[in-house]
file upload.cif (mmCIF, C-alpha atoms)
data_target
loop_
_atom_site.group_PDB
_atom_site.id
_atom_site.type_symbol
_atom_site.label_atom_id
_atom_site.label_comp_id
_atom_site.auth_asym_id
_atom_site.auth_seq_id
_atom_site.Cartn_x
_atom_site.Cartn_y
_atom_site.Cartn_z
ATOM 1 C CA MET A 1 -137.897 -37.523 -40.878
ATOM 2 C CA LYS A 2 -140.342 -38.094 -38.082
ATOM 3 C CA ARG A 3 -139.863 -41.840 -38.071
ATOM 4 C CA PHE A 4 -136.219 -41.376 -37.098
ATOM 5 C CA LEU A 5 -137.054 -39.378 -34.001
ATOM 6 C CA LEU A 6 -137.874 -42.373 -31.814
ATOM 7 C CA PRO A 7 -134.742 -44.421 -32.612
ATOM 8 C CA LEU A 8 -132.668 -41.262 -32.247
ATOM 9 C CA GLY A 9 -134.239 -40.597 -28.855
ATOM 10 C CA ILE A 10 -133.506 -44.139 -27.687
ATOM 11 C CA PHE A 11 -129.955 -43.820 -28.964
ATOM 12 C CA VAL A 12 -129.403 -40.577 -27.045
ATOM 13 C CA VAL A 13 -130.770 -42.095 -23.821
ATOM 14 C CA VAL A 14 -128.584 -45.200 -24.166
ATOM 15 C CA VAL A 15 -125.497 -43.091 -24.882
ATOM 16 C CA GLY A 16 -126.336 -41.003 -21.816
ATOM 17 C CA PHE A 17 -126.489 -44.078 -19.596
ATOM 18 C CA LEU A 18 -123.301 -45.525 -21.054
ATOM 19 C CA GLY A 19 -121.536 -42.177 -20.647
ATOM 20 C CA VAL A 20 -122.427 -42.052 -16.967
ATOM 21 C CA GLY A 21 -121.408 -45.712 -16.632
ATOM 22 C CA LEU A 22 -117.974 -44.938 -18.060
ATOM 23 C CA LYS A 23 -117.327 -42.394 -15.340
ATOM 24 C CA LEU A 24 -118.320 -44.687 -12.497
ATOM 25 C CA ASN A 25 -115.502 -46.446 -10.727
ATOM 26 C CA PRO A 26 -116.396 -50.113 -10.232
ATOM 27 C CA ARG A 27 -113.831 -50.380 -7.456
ATOM 28 C CA GLU A 28 -115.727 -47.927 -5.303
ATOM 29 C CA VAL A 29 -118.136 -50.223 -3.597
ATOM 30 C CA PRO A 30 -120.273 -48.236 -1.172
ATOM 31 C CA SER A 31 -119.534 -49.413 2.335
ATOM 32 C CA PRO A 32 -122.442 -50.395 4.557
ATOM 33 C CA LEU A 33 -120.271 -49.381 7.513
ATOM 34 C CA VAL A 34 -120.498 -45.645 6.899
ATOM 35 C CA GLY A 35 -122.785 -44.307 9.622
ATOM 36 C CA ARG A 36 -122.133 -47.260 11.924
ATOM 37 C CA SER A 37 -119.793 -47.673 14.863
ATOM 38 C CA ALA A 38 -116.254 -48.521 13.920
ATOM 39 C CA PRO A 39 -115.662 -52.202 14.755
ATOM 40 C CA ASP A 40 -113.709 -52.577 17.954
ATOM 41 C CA PHE A 41 -110.382 -54.364 18.136
ATOM 42 C CA SER A 42 -107.302 -54.507 20.266
ATOM 43 C CA LEU A 43 -104.124 -55.283 18.418
ATOM 44 C CA PRO A 44 -100.438 -55.097 19.210
ATOM 45 C CA GLN A 45 -98.648 -51.969 18.096
ATOM 46 C CA LEU A 46 -96.042 -52.031 15.382
ATOM 47 C CA HIS A 47 -93.275 -50.257 17.248
ATOM 48 C CA ASP A 48 -93.923 -51.966 20.548
ATOM 49 C CA PRO A 49 -95.759 -55.313 20.341
ATOM 50 C CA GLU A 50 -96.182 -55.265 24.112
ATOM 51 C CA LYS A 51 -98.485 -52.284 23.826
ATOM 52 C CA VAL A 52 -102.017 -52.626 22.568
ATOM 53 C CA PHE A 53 -103.916 -50.251 20.327
ATOM 54 C CA SER A 54 -107.677 -50.011 20.538
ATOM 55 C CA PRO A 55 -110.050 -47.470 18.968
ATOM 56 C CA LYS A 56 -111.710 -47.036 22.380
ATOM 57 C CA GLU A 57 -108.729 -44.975 23.499
ATOM 58 C CA LEU A 58 -109.689 -42.381 20.924
ATOM 59 C CA THR A 59 -113.290 -41.786 21.987
ATOM 60 C CA GLY A 60 -113.966 -38.063 22.031
ATOM 61 C CA LYS A 61 -111.552 -37.397 19.181
ATOM 62 C CA VAL A 62 -112.001 -37.191 15.456
ATOM 63 C CA TRP A 63 -109.371 -39.370 13.815
ATOM 64 C CA LEU A 64 -108.442 -41.196 10.644
ATOM 65 C CA LEU A 65 -107.720 -44.882 10.399
ATOM 66 C CA ASN A 66 -105.472 -45.679 7.481
ATOM 67 C CA PHE A 67 -104.989 -49.277 6.341
ATOM 68 C CA TRP A 68 -101.628 -49.652 4.652
ATOM 69 C CA ALA A 69 -98.857 -52.144 4.053
ATOM 70 C CA SER A 70 -95.249 -52.024 2.993
ATOM 71 C CA TRP A 71 -96.072 -54.264 0.017
ATOM 72 C CA CYS A 72 -98.754 -51.921 -1.271
ATOM 73 C CA GLY A 73 -97.974 -49.603 -4.171
ATOM 74 C CA GLY A 74 -100.875 -47.228 -3.650
ATOM 75 C CA CYS A 75 -99.709 -46.628 -0.088
ATOM 76 C CA LYS A 76 -96.448 -45.242 -1.398
ATOM 77 C CA ASP A 77 -98.439 -42.913 -3.676
ATOM 78 C CA GLU A 78 -100.569 -41.491 -0.897
ATOM 79 C CA HIS A 79 -97.744 -41.372 1.622
ATOM 80 C CA PRO A 80 -96.623 -37.765 0.935
ATOM 81 C CA VAL A 81 -100.238 -36.638 1.307
ATOM 82 C CA LEU A 82 -100.479 -38.380 4.674
ATOM 83 C CA MET A 83 -97.183 -36.818 5.801
ATOM 84 C CA GLN A 84 -98.436 -33.384 4.872
ATOM 85 C CA LEU A 85 -101.758 -33.936 6.608
ATOM 86 C CA ALA A 86 -100.004 -35.222 9.732
ATOM 87 C CA GLN A 87 -97.709 -32.201 9.793
ATOM 88 C CA SER A 88 -100.649 -29.824 9.536
ATOM 89 C CA GLY A 89 -101.829 -31.238 12.862
ATOM 90 C CA GLU A 90 -105.465 -30.975 11.846
ATOM 91 C CA VAL A 91 -106.336 -34.580 12.504
ATOM 92 C CA PRO A 92 -104.365 -37.572 13.777
ATOM 93 C CA ILE A 93 -103.920 -40.466 11.364
ATOM 94 C CA TYR A 94 -103.641 -43.843 13.032
ATOM 95 C CA GLY A 95 -102.155 -46.624 10.980
ATOM 96 C CA MET A 96 -103.190 -50.217 10.517
ATOM 97 C CA ASP A 97 -100.404 -52.346 9.143
ATOM 98 C CA TYR A 98 -102.429 -54.790 7.082
ATOM 99 C CA LYS A 99 -101.143 -58.315 6.419
ATOM 100 C CA ASP A 100 -97.555 -57.253 6.537
ATOM 101 C CA ARG A 101 -94.239 -58.333 8.018
ATOM 102 C CA ARG A 102 -93.175 -56.295 11.012
ATOM 103 C CA GLU A 103 -89.586 -55.875 9.857
ATOM 104 C CA GLU A 104 -90.575 -54.762 6.376
ATOM 105 C CA ALA A 105 -93.141 -52.331 7.735
ATOM 106 C CA LEU A 106 -90.581 -50.774 10.070
ATOM 107 C CA THR A 107 -88.038 -50.481 7.270
ATOM 108 C CA TRP A 108 -90.653 -48.873 5.029
ATOM 109 C CA LEU A 109 -91.471 -46.267 7.696
ATOM 110 C CA ARG A 110 -87.805 -45.537 8.369
ATOM 111 C CA ARG A 111 -87.281 -45.003 4.688
ATOM 112 C CA TRP A 112 -90.292 -42.871 3.831
ATOM 113 C CA GLY A 113 -91.254 -41.328 7.178
ATOM 114 C CA ASN A 114 -93.940 -42.070 9.713
ATOM 115 C CA PRO A 115 -97.143 -39.996 9.724
ATOM 116 C CA TYR A 116 -98.839 -42.104 12.408
ATOM 117 C CA PRO A 117 -98.860 -41.483 16.170
ATOM 118 C CA ALA A 118 -99.533 -45.206 16.620
ATOM 119 C CA ILE A 119 -99.855 -48.189 14.330
ATOM 120 C CA ALA A 120 -101.743 -51.384 15.009
ATOM 121 C CA VAL A 121 -100.720 -54.637 13.375
ATOM 122 C CA ASP A 122 -103.373 -56.707 11.635
ATOM 123 C CA GLU A 123 -101.324 -59.681 10.593
ATOM 124 C CA SER A 124 -104.152 -62.065 9.773
ATOM 125 C CA GLY A 125 -106.351 -59.444 8.103
ATOM 126 C CA ARG A 126 -109.270 -60.186 10.413
ATOM 127 C CA VAL A 127 -109.786 -56.616 11.558
ATOM 128 C CA GLY A 128 -109.551 -55.653 7.913
ATOM 129 C CA ILE A 129 -112.476 -57.952 7.169
ATOM 130 C CA ASN A 130 -114.466 -56.380 10.005
ATOM 131 C CA TYR A 131 -113.869 -52.992 8.430
ATOM 132 C CA GLY A 132 -114.795 -54.269 4.988
ATOM 133 C CA VAL A 133 -111.312 -53.646 3.624
ATOM 134 C CA TYR A 134 -110.700 -55.222 0.259
ATOM 135 C CA GLY A 135 -107.640 -53.443 -0.975
ATOM 136 C CA VAL A 136 -105.149 -51.232 0.757
ATOM 137 C CA PRO A 137 -104.884 -48.309 1.088
ATOM 138 C CA GLU A 138 -108.238 -47.523 2.631
ATOM 139 C CA THR A 139 -108.907 -44.680 5.012
ATOM 140 C CA TYR A 140 -111.770 -44.181 7.454
ATOM 141 C CA VAL A 141 -112.877 -40.948 9.082
ATOM 142 C CA ILE A 142 -114.121 -41.754 12.590
ATOM 143 C CA ASP A 143 -115.974 -39.207 14.716
ATOM 144 C CA LYS A 144 -115.947 -38.466 18.445
ATOM 145 C CA ALA A 145 -118.553 -41.125 19.176
ATOM 146 C CA GLY A 146 -116.566 -43.736 17.277
ATOM 147 C CA VAL A 147 -118.845 -43.758 14.230
ATOM 148 C CA ILE A 148 -117.411 -44.191 10.747
ATOM 149 C CA ARG A 149 -118.292 -41.084 8.740
ATOM 150 C CA TYR A 150 -116.448 -41.643 5.506
ATOM 151 C CA LYS A 151 -114.500 -44.334 3.754
ATOM 152 C CA GLN A 152 -111.856 -43.592 1.170
ATOM 153 C CA ILE A 153 -111.113 -46.522 -1.091
ATOM 154 C CA GLY A 154 -107.703 -46.310 -2.695
ATOM 155 C CA PRO A 155 -104.986 -43.712 -2.236
ATOM 156 C CA LEU A 156 -105.787 -40.297 -0.794
ATOM 157 C CA ASP A 157 -104.765 -37.363 -2.934
ATOM 158 C CA GLU A 158 -104.551 -33.680 -2.150
ATOM 159 C CA ASP A 159 -107.882 -32.911 -3.786
ATOM 160 C CA THR A 160 -109.734 -35.499 -1.707
ATOM 161 C CA VAL A 161 -108.043 -34.330 1.482
ATOM 162 C CA LYS A 162 -108.834 -30.658 0.831
ATOM 163 C CA GLY A 163 -112.236 -31.192 -0.710
ATOM 164 C CA LYS A 164 -113.704 -33.982 1.406
ATOM 165 C CA ILE A 165 -111.629 -35.128 4.367
ATOM 166 C CA LEU A 166 -110.701 -31.802 5.950
ATOM 167 C CA PRO A 167 -114.145 -30.143 5.658
ATOM 168 C CA LEU A 168 -115.721 -33.265 7.154
ATOM 169 C CA VAL A 169 -113.127 -33.450 9.938
ATOM 170 C CA ARG A 170 -113.659 -29.776 10.846
ATOM 171 C CA GLU A 171 -117.404 -30.212 10.868
ATOM 172 C CA LEU A 172 -117.139 -33.271 13.119
ATOM 173 C CA GLN A 173 -114.647 -31.577 15.438
ATOM 174 C CA ASN A 174 -117.028 -28.674 15.975
ATOM 175 C CA LYS A 175 -119.899 -30.903 16.957
ATOM 176 C CA MET B 1 -80.524 -105.104 -20.855
ATOM 177 C CA ARG B 2 -83.863 -106.841 -20.427
ATOM 178 C CA TRP B 3 -83.395 -106.912 -16.661
ATOM 179 C CA LEU B 4 -82.775 -103.219 -16.611
ATOM 180 C CA LEU B 5 -86.029 -102.676 -18.440
ATOM 181 C CA VAL B 6 -87.925 -104.873 -15.975
ATOM 182 C CA ILE B 7 -86.448 -102.944 -13.069
ATOM 183 C CA ILE B 8 -87.431 -99.633 -14.614
ATOM 184 C CA LEU B 9 -90.960 -100.880 -15.190
ATOM 185 C CA LEU B 10 -91.176 -102.080 -11.602
ATOM 186 C CA ILE B 11 -90.281 -98.660 -10.122
ATOM 187 C CA PRO B 12 -93.871 -97.380 -10.041
ATOM 188 C CA CYS B 13 -94.912 -100.386 -7.952
ATOM 189 C CA VAL B 14 -92.512 -99.316 -5.237
ATOM 190 C CA ALA B 15 -94.043 -95.847 -5.042
ATOM 191 C CA ALA B 16 -97.085 -96.484 -2.912
ATOM 192 C CA ALA B 17 -100.163 -95.018 -4.502
ATOM 193 C CA LYS B 18 -102.381 -92.987 -2.214
ATOM 194 C CA GLU B 19 -105.764 -91.417 -2.543
ATOM 195 C CA ALA B 20 -105.829 -87.692 -3.236
ATOM 196 C CA ARG B 21 -105.768 -85.797 0.028
ATOM 197 C CA PRO B 22 -109.059 -84.077 0.873
ATOM 198 C CA LEU B 23 -108.873 -80.290 1.004
ATOM 199 C CA ALA B 24 -110.028 -80.129 4.589
ATOM 200 C CA ASP B 25 -110.364 -82.497 7.491
ATOM 201 C CA ASN B 26 -114.090 -82.266 7.192
ATOM 202 C CA PRO B 27 -115.351 -82.894 3.634
ATOM 203 C CA GLN B 28 -118.887 -81.948 4.612
ATOM 204 C CA ALA B 29 -117.810 -78.495 5.761
ATOM 205 C CA GLU B 30 -115.773 -78.105 2.598
ATOM 206 C CA ALA B 31 -118.802 -78.942 0.490
ATOM 207 C CA ARG B 32 -120.801 -76.281 2.299
ATOM 208 C CA LEU B 33 -118.011 -73.775 1.809
ATOM 209 C CA LYS B 34 -118.011 -74.520 -1.904
ATOM 210 C CA GLN B 35 -121.749 -74.117 -2.108
ATOM 211 C CA LEU B 36 -121.591 -70.758 -0.323
ATOM 212 C CA ALA B 37 -118.511 -69.521 -2.088
ATOM 213 C CA VAL B 38 -120.018 -69.726 -5.574
ATOM 214 C CA GLU B 39 -122.753 -67.341 -4.414
ATOM 215 C CA LEU B 40 -120.288 -64.783 -3.114
ATOM 216 C CA ARG B 41 -118.244 -62.288 -5.046
ATOM 217 C CA CYS B 42 -114.559 -61.746 -4.549
ATOM 218 C CA LEU B 43 -114.140 -58.013 -4.033
ATOM 219 C CA VAL B 44 -110.646 -57.852 -5.439
ATOM 220 C CA CYS B 45 -111.271 -59.524 -8.779
ATOM 221 C CA GLN B 46 -114.840 -58.457 -9.023
ATOM 222 C CA ASN B 47 -116.038 -60.836 -11.682
ATOM 223 C CA GLN B 48 -114.859 -63.931 -9.885
ATOM 224 C CA THR B 49 -116.616 -65.796 -7.144
ATOM 225 C CA LEU B 50 -115.048 -66.370 -3.794
ATOM 226 C CA ALA B 51 -114.635 -69.987 -4.841
ATOM 227 C CA ASP B 52 -112.662 -69.154 -7.993
ATOM 228 C CA SER B 53 -110.491 -66.359 -6.764
ATOM 229 C CA ASN B 54 -106.921 -66.750 -5.611
ATOM 230 C CA ALA B 55 -106.666 -63.235 -4.243
ATOM 231 C CA PRO B 56 -105.346 -63.099 -0.669
ATOM 232 C CA LEU B 57 -108.575 -61.464 0.473
ATOM 233 C CA ALA B 58 -110.604 -64.303 -1.025
ATOM 234 C CA GLU B 59 -108.420 -66.773 0.856
ATOM 235 C CA ASP B 60 -109.001 -64.853 4.081
ATOM 236 C CA LEU B 61 -112.733 -64.731 3.485
ATOM 237 C CA ARG B 62 -112.829 -68.448 2.759
ATOM 238 C CA ARG B 63 -110.980 -69.021 6.017
ATOM 239 C CA GLU B 64 -113.514 -66.813 7.775
ATOM 240 C CA VAL B 65 -116.437 -68.716 6.219
ATOM 241 C CA ARG B 66 -114.788 -72.035 7.107
ATOM 242 C CA GLU B 67 -114.577 -70.933 10.730
ATOM 243 C CA MET B 68 -118.184 -69.843 10.747
ATOM 244 C CA ILE B 69 -119.199 -73.223 9.317
ATOM 245 C CA ALA B 70 -117.188 -74.887 12.082
ATOM 246 C CA LYS B 71 -119.134 -72.759 14.568
ATOM 247 C CA ASP B 72 -122.284 -74.229 13.056
ATOM 248 C CA MET B 73 -123.677 -70.929 11.837
ATOM 249 C CA SER B 74 -126.485 -71.049 9.307
ATOM 250 C CA ASP B 75 -125.985 -69.976 5.678
ATOM 251 C CA LYS B 76 -128.062 -66.894 6.328
ATOM 252 C CA GLU B 77 -125.941 -65.883 9.314
ATOM 253 C CA ILE B 78 -122.764 -66.304 7.297
ATOM 254 C CA ILE B 79 -124.101 -64.292 4.390
ATOM 255 C CA ASP B 80 -125.375 -61.579 6.748
ATOM 256 C CA PHE B 81 -121.917 -61.387 8.300
ATOM 257 C CA LEU B 82 -120.370 -60.661 4.911
ATOM 258 C CA VAL B 83 -123.119 -58.305 3.750
ATOM 259 C CA ALA B 84 -122.738 -56.263 6.955
ATOM 260 C CA ARG B 85 -119.097 -55.682 6.052
ATOM 261 C CA TYR B 86 -119.001 -55.542 2.288
ATOM 262 C CA GLY B 87 -122.569 -54.664 1.342
ATOM 263 C CA ASP B 88 -124.895 -56.356 -1.097
ATOM 264 C CA PHE B 89 -122.072 -56.260 -3.605
ATOM 265 C CA VAL B 90 -120.679 -59.536 -2.237
ATOM 266 C CA LEU B 91 -123.833 -61.310 -3.337
ATOM 267 C CA TYR B 92 -123.929 -62.615 -6.863
ATOM 268 C CA ARG B 93 -127.729 -62.571 -6.712
ATOM 269 C CA PRO B 94 -128.789 -59.096 -5.702
ATOM 270 C CA PRO B 95 -131.636 -59.035 -3.157
ATOM 271 C CA LEU B 96 -135.018 -57.558 -4.092
ATOM 272 C CA LYS B 97 -135.126 -54.129 -2.427
ATOM 273 C CA THR B 98 -136.471 -50.696 -3.243
ATOM 274 C CA THR B 99 -133.117 -49.735 -4.751
ATOM 275 C CA THR B 100 -132.986 -52.848 -6.902
ATOM 276 C CA THR B 101 -136.574 -52.934 -8.173
ATOM 277 C CA LEU B 102 -135.541 -51.546 -11.561
ATOM 278 C CA LEU B 103 -132.875 -54.223 -11.820
ATOM 279 C CA TRP B 104 -135.378 -56.985 -11.096
ATOM 280 C CA LEU B 105 -138.392 -55.637 -12.952
ATOM 281 C CA GLY B 106 -136.527 -53.887 -15.796
ATOM 282 C CA PRO B 107 -136.262 -56.943 -18.051
ATOM 283 C CA PHE B 108 -139.969 -57.669 -17.653
ATOM 284 C CA LEU B 109 -140.856 -54.035 -18.382
ATOM 285 C CA LEU B 110 -138.708 -54.204 -21.512
ATOM 286 C CA LEU B 111 -140.391 -57.439 -22.512
ATOM 287 C CA ILE B 112 -143.867 -55.941 -22.060
ATOM 288 C CA ALA B 113 -142.878 -52.797 -23.964
ATOM 289 C CA GLY B 114 -141.445 -54.913 -26.781
ATOM 290 C CA ALA B 115 -144.495 -57.157 -26.967
ATOM 291 C CA THR B 116 -146.863 -54.163 -26.991
ATOM 292 C CA THR B 117 -144.901 -52.515 -29.785
ATOM 293 C CA LEU B 118 -144.947 -55.750 -31.763
ATOM 294 C CA VAL B 119 -148.709 -56.203 -31.373
ATOM 295 C CA LEU B 120 -149.374 -52.591 -32.325
ATOM 296 C CA ALA B 121 -147.112 -52.801 -35.368
ATOM 297 C CA LEU B 122 -148.739 -56.042 -36.532
ATOM 298 C CA ARG B 123 -152.220 -54.589 -36.159
ATOM 299 C CA ARG B 124 -151.287 -51.499 -38.083
ATOM 300 C CA ARG B 125 -149.869 -53.628 -40.885
ATOM 301 C CA GLN B 126 -152.942 -55.801 -41.020
ATOM 302 C CA LYS B 127 -155.107 -52.719 -41.419
ATOM 303 C CA LYS B 128 -152.936 -51.543 -44.289
ATOM 304 C CA LEU B 129 -153.187 -54.947 -45.995
ATOM 305 C CA ALA B 130 -156.933 -55.058 -45.629
ATOM 306 C CA ASP B 131 -157.185 -51.608 -47.179
ATOM 307 C CA ALA B 132 -155.372 -52.693 -50.312
ATOM 308 C CA SER B 133 -158.375 -53.923 -52.274
ATOM 309 C CA LEU B 134 -158.035 -54.899 -55.911
ATOM 310 C CA SER B 135 -160.201 -53.874 -58.797
ATOM 311 C CA GLU B 136 -161.670 -56.494 -61.169
ATOM 312 C CA GLU B 137 -159.073 -55.667 -63.797
ATOM 313 C CA GLU B 138 -156.183 -56.044 -61.364
ATOM 314 C CA ARG B 139 -157.535 -59.325 -60.144
ATOM 315 C CA ASN B 140 -157.591 -60.726 -63.687
ATOM 316 C CA ARG B 141 -154.057 -59.579 -64.256
ATOM 317 C CA VAL B 142 -152.897 -61.308 -61.056
ATOM 318 C CA ALA B 143 -154.565 -64.530 -62.132
ATOM 319 C CA GLN B 144 -152.939 -64.263 -65.554
ATOM 320 C CA LEU B 145 -149.486 -63.638 -64.154
ATOM 321 C CA LEU B 146 -149.787 -66.499 -61.700
ATOM 322 C CA SER B 147 -150.841 -68.978 -64.363
ATOM 323 C CA GLU B 148 -148.030 -67.814 -66.610
ATOM 324 C CA GLY B 149 -145.588 -68.401 -63.822
ATOM 325 C CA ALA B 150 -146.961 -71.925 -63.375
ATOM 326 C CA LYS B 151 -146.405 -72.700 -67.059
ATOM 327 C CA HIS B 152 -142.825 -71.508 -67.044
ATOM 328 C CA ARG B 153 -142.038 -73.785 -64.213
#

call {"tool": "encode", "arguments": {"input": "upload.cif", "output": "structure tokens"}}
result
Amino acid sequence: MKRFLLPLGIFVVVVGFLGVGLKLNPREVPSPLVGRSAPDFSLPQLHDPEKVFSPKELTGKVWLLNFWASWCGGCKDEHPVLMQLAQSGEVPIYGMDYKDRREEALTWLRRWGNPYPAIAVDESGRVGINYGVYGVPETYVIDKAGVIRYKQIGPLDEDTVKGKILPLVRELQNK
Amino acid sequence: MRWLLVIILLIPCVAAAKEARPLADNPQAEARLKQLAVELRCLVCQNQTLADSNAPLAEDLRREVREMIAKDMSDKEIIDFLVARYGDFVLYRPPLKTTTTLLWLGPFLLLIAGATTLVLALRRRQKKLADASLSEEERNRVAQLLSEGAKHR
């Protein structure tokens, strides 16, 4: 019996590792930008291309930056969550219309509702690259000093908002 | 009928043949892009390189790298630019860091462990073989059996 103990032990360890590996999400690549200043940009706004949106205007506020697009399926999924969060008034969500067509984006917002006080337009995707975006939707929590505190890859759901985003936002607001 | 055939055969001569168009105005820059792009991972289709992927993000990143090449940035600067945004994950060859020591040294540790086990097992077996001594009677019987076997062949 004793001679089986070692192989059995190895087997258990390997199964343990594989089990943990199964639960990991390969799409969640840790961002090196968390803890660093949010990259600056100034981009035309969606509703009024004459106006410019820049994260500098929001210094002193805790805010969310949500990359979305009218062509993106996940954005439709998280949209009700964003609407609810916007209505709660706890934290403003600024939008970044990522590689989209202006007309289609406007139609999308008219159809589903607009949770954003302002939306910047990143037509070429360059600002997206600076933020390390690789698939919309992605959402960043940015603190009063303009530092990225959290990055959500993929759609936000109620659990993430209640469990991670809101506690973090409250903590940052009280600082 | 024959004339018609001749005319048909002559059609290709009218279409002026041209060399294949290069992918970029500057073939040297394109070669550098290719060289860099096979070292970089596309983040959308994670098991493809930036060179292989057709994802829109990969196209954007290639454009970005192309521009950096045009600005005469070094390979290291270009790679640092991407790592600063996407992390070490964009690199197909992970760098040697404290967090990646197991990844780099793991195979060698496994090799050493395997080799040690093999040596130990062989030694133990040799000891067992040496212990199995034969008596005079057994030795005779072995000789007899072996010679019998030779005859049958």

call {"tool": "resolve_selection", "arguments": {"input": "upload.cif", "expression": "the PyMOL selection byres ((chain A) within 7 of (chain B))", "output": "compact mmCIF listing (two decimals) with C-alpha atoms, keeping the file's coordinate frame"}}
result
# COMPACT_ATOMS: atom_id res chain seq x y z
CA SER A 31 -119.53 -49.41 2.34
CA PRO A 32 -122.44 -50.40 4.56
CA LEU A 33 -120.27 -49.38 7.51
CA ASN A 130 -114.47 -56.38 10.01
CA TYR A 131 -113.87 -52.99 8.43
CA GLY A 132 -114.80 -54.27 4.99
CA TYR A 134 -110.70 -55.22 0.26
CA GLY A 135 -107.64 -53.44 -0.98

call {"tool": "atom_distance", "arguments": {"input": "upload.cif", "atom1": "CA of Tyr150 in chain A", "atom2": "CA of Ala38 in chain A"}}
result
10.9 Å

call {"tool": "resolve_selection", "arguments": {"input": "upload.cif", "expression": "the PyMOL selection byres ((chain B and resi 32) around 12)", "output": "list in words"}}
result
Ala24, Asn26, Pro27, Gln28, Ala29, Glu30, Ala31, Leu33, Lys34, Gln35, Leu36, Ala37, Val38, Glu39, Ala51, Arg62, Val65, Arg66, Glu67, Met68, Ile69, Ala70, Asp72, Met73, Ser74, Asp75 and Ile78 of chain B

call {"tool": "closest_residue", "arguments": {"input": "upload.cif", "among": "A:Met83, A:Val91, A:Val20, A:Leu5", "to": "Gly113 in chain A", "atoms": "only C-alpha atoms"}}
result
A:Met83

call {"tool": "resolve_selection", "arguments": {"input": "upload.cif", "expression": "the PyMOL selection byres ((chain A and resi 170) around 12)", "output": "PDB file with C-alpha atoms, keeping the file's coordinate frame"}}
result
ATOM      1  CA  LYS A  61    -111.552 -37.397  19.181  1.00  0.00           C
ATOM      2  CA  VAL A  62    -112.001 -37.191  15.456  1.00  0.00           C
ATOM      3  CA  TRP A  63    -109.371 -39.370  13.815  1.00  0.00           C
ATOM      4  CA  GLU A  90    -105.465 -30.975  11.846  1.00  0.00           C
ATOM      5  CA  VAL A  91    -106.336 -34.580  12.504  1.00  0.00           C
ATOM      6  CA  VAL A 141    -112.877 -40.948   9.082  1.00  0.00           C
ATOM      7  CA  ASP A 143    -115.974 -39.207  14.716  1.00  0.00           C
ATOM      8  CA  LYS A 144    -115.947 -38.466  18.445  1.00  0.00           C
ATOM      9  CA  VAL A 161    -108.043 -34.330   1.482  1.00  0.00           C
ATOM     10  CA  LYS A 162    -108.834 -30.658   0.831  1.00  0.00           C
ATOM     11  CA  GLY A 163    -112.236 -31.192  -0.710  1.00  0.00           C
ATOM     12  CA  LYS A 164    -113.704 -33.982   1.406  1.00  0.00           C
ATOM     13  CA  ILE A 165    -111.629 -35.128   4.367  1.00  0.00           C
ATOM     14  CA  LEU A 166    -110.701 -31.802   5.950  1.00  0.00           C
ATOM     15  CA  PRO A 167    -114.145 -30.143   5.658  1.00  0.00           C
ATOM     16  CA  LEU A 168    -115.721 -33.265   7.154  1.00  0.00           C
ATOM     17  CA  VAL A 169    -113.127 -33.450   9.938  1.00  0.00           C
ATOM     18  CA  GLU A 171    -117.404 -30.212  10.868  1.00  0.00           C
ATOM     19  CA  LEU A 172    -117.139 -33.271  13.119  1.00  0.00           C
ATOM     20  CA  GLN A 173    -114.647 -31.577  15.438  1.00  0.00           C
ATOM     21  CA  ASN A 174    -117.028 -28.674  15.975  1.00  0.00           C
ATOM     22  CA  LYS A 175    -119.899 -30.903  16.957  1.00  0.00           C
TER      23      LYS A 175
END

call {"tool": "atom_distance", "arguments": {"input": "upload.cif", "atom1": "CA of Ile93 in chain A", "atom2": "CA of Ala55 in chain B"}}
result
27.7 Å

call {"tool": "atom_distance", "arguments": {"input": "upload.cif", "atom1": "CA of Glu78 in chain A", "atom2": "CA of Ser53 in chain B"}}
result
27.4 Å

call {"tool": "closest_residue", "arguments": {"input": "upload.cif", "among": "A:Pro115, A:Arg3, A:Gly9, A:Thr139", "to": "Leu85 in chain A", "atoms": "only C-alpha atoms"}}
result
A:Pro115

call {"tool": "closest_residue", "arguments": {"input": "upload.cif", "among": "B:Val142, B:Leu91, B:Ala121, B:Leu5", "to": "Asn47 in chain B", "atoms": "only C-alpha atoms"}}
result
B:Leu91

call {"tool": "closest_residue", "arguments": {"input": "upload.cif", "among": "B:Leu120, B:Lys76, B:Tyr92, B:Ile112", "to": "Leu40 in chain B", "atoms": "all atoms listed in the file"}}
result
B:Tyr92

call {"tool": "residues_around", "arguments": {"input": "upload.cif", "residues": "Trp68 in chain A", "least_positions_apart": "3", "cutoff": "7 Å", "atoms": "only C-alpha atoms", "output": "compact mmCIF listing (two decimals) with C-alpha atoms, in the frame of the given file"}}
result
# COMPACT_ATOMS: atom_id res chain seq x y z
CA CYS A 72 -98.75 -51.92 -1.27
CA CYS A 75 -99.71 -46.63 -0.09
CA MET A 96 -103.19 -50.22 10.52
CA ASP A 97 -100.40 -52.35 9.14
CA TYR A 98 -102.43 -54.79 7.08
CA VAL A 136 -105.15 -51.23 0.76
CA PRO A 137 -104.88 -48.31 1.09

call {"tool": "decode", "arguments": {"input": "upload.cif", "residues": "range 124-135 of chain A", "atoms": "C-alpha atoms", "output": "mmCIF file, in the first residue's frame"}}
result
data_model
loop_
_atom_site.group_PDB
_atom_site.id
_atom_site.type_symbol
_atom_site.label_atom_id
_atom_site.label_comp_id
_atom_site.auth_asym_id
_atom_site.auth_seq_id
_atom_site.Cartn_x
_atom_site.Cartn_y
_atom_site.Cartn_z
ATOM 1 C CA SER A 124 -8.919 55.451 -33.943
ATOM 2 C CA GLY A 125 -8.602 53.453 -30.718
ATOM 3 C CA ARG A 126 -5.395 55.229 -29.739
ATOM 4 C CA VAL A 127 -6.565 56.297 -26.303
ATOM 5 C CA GLY A 128 -7.794 52.752 -25.870
ATOM 6 C CA ILE A 129 -4.262 51.506 -26.476
ATOM 7 C CA ASN A 130 -2.923 53.975 -23.911
ATOM 8 C CA TYR A 131 -5.362 52.550 -21.394
ATOM 9 C CA GLY A 132 -4.451 48.991 -22.313
ATOM 10 C CA VAL A 133 -7.939 48.241 -23.599
ATOM 11 C CA TYR A 134 -8.180 45.017 -25.530
ATOM 12 C CA GLY A 135 -11.864 44.332 -25.594
#
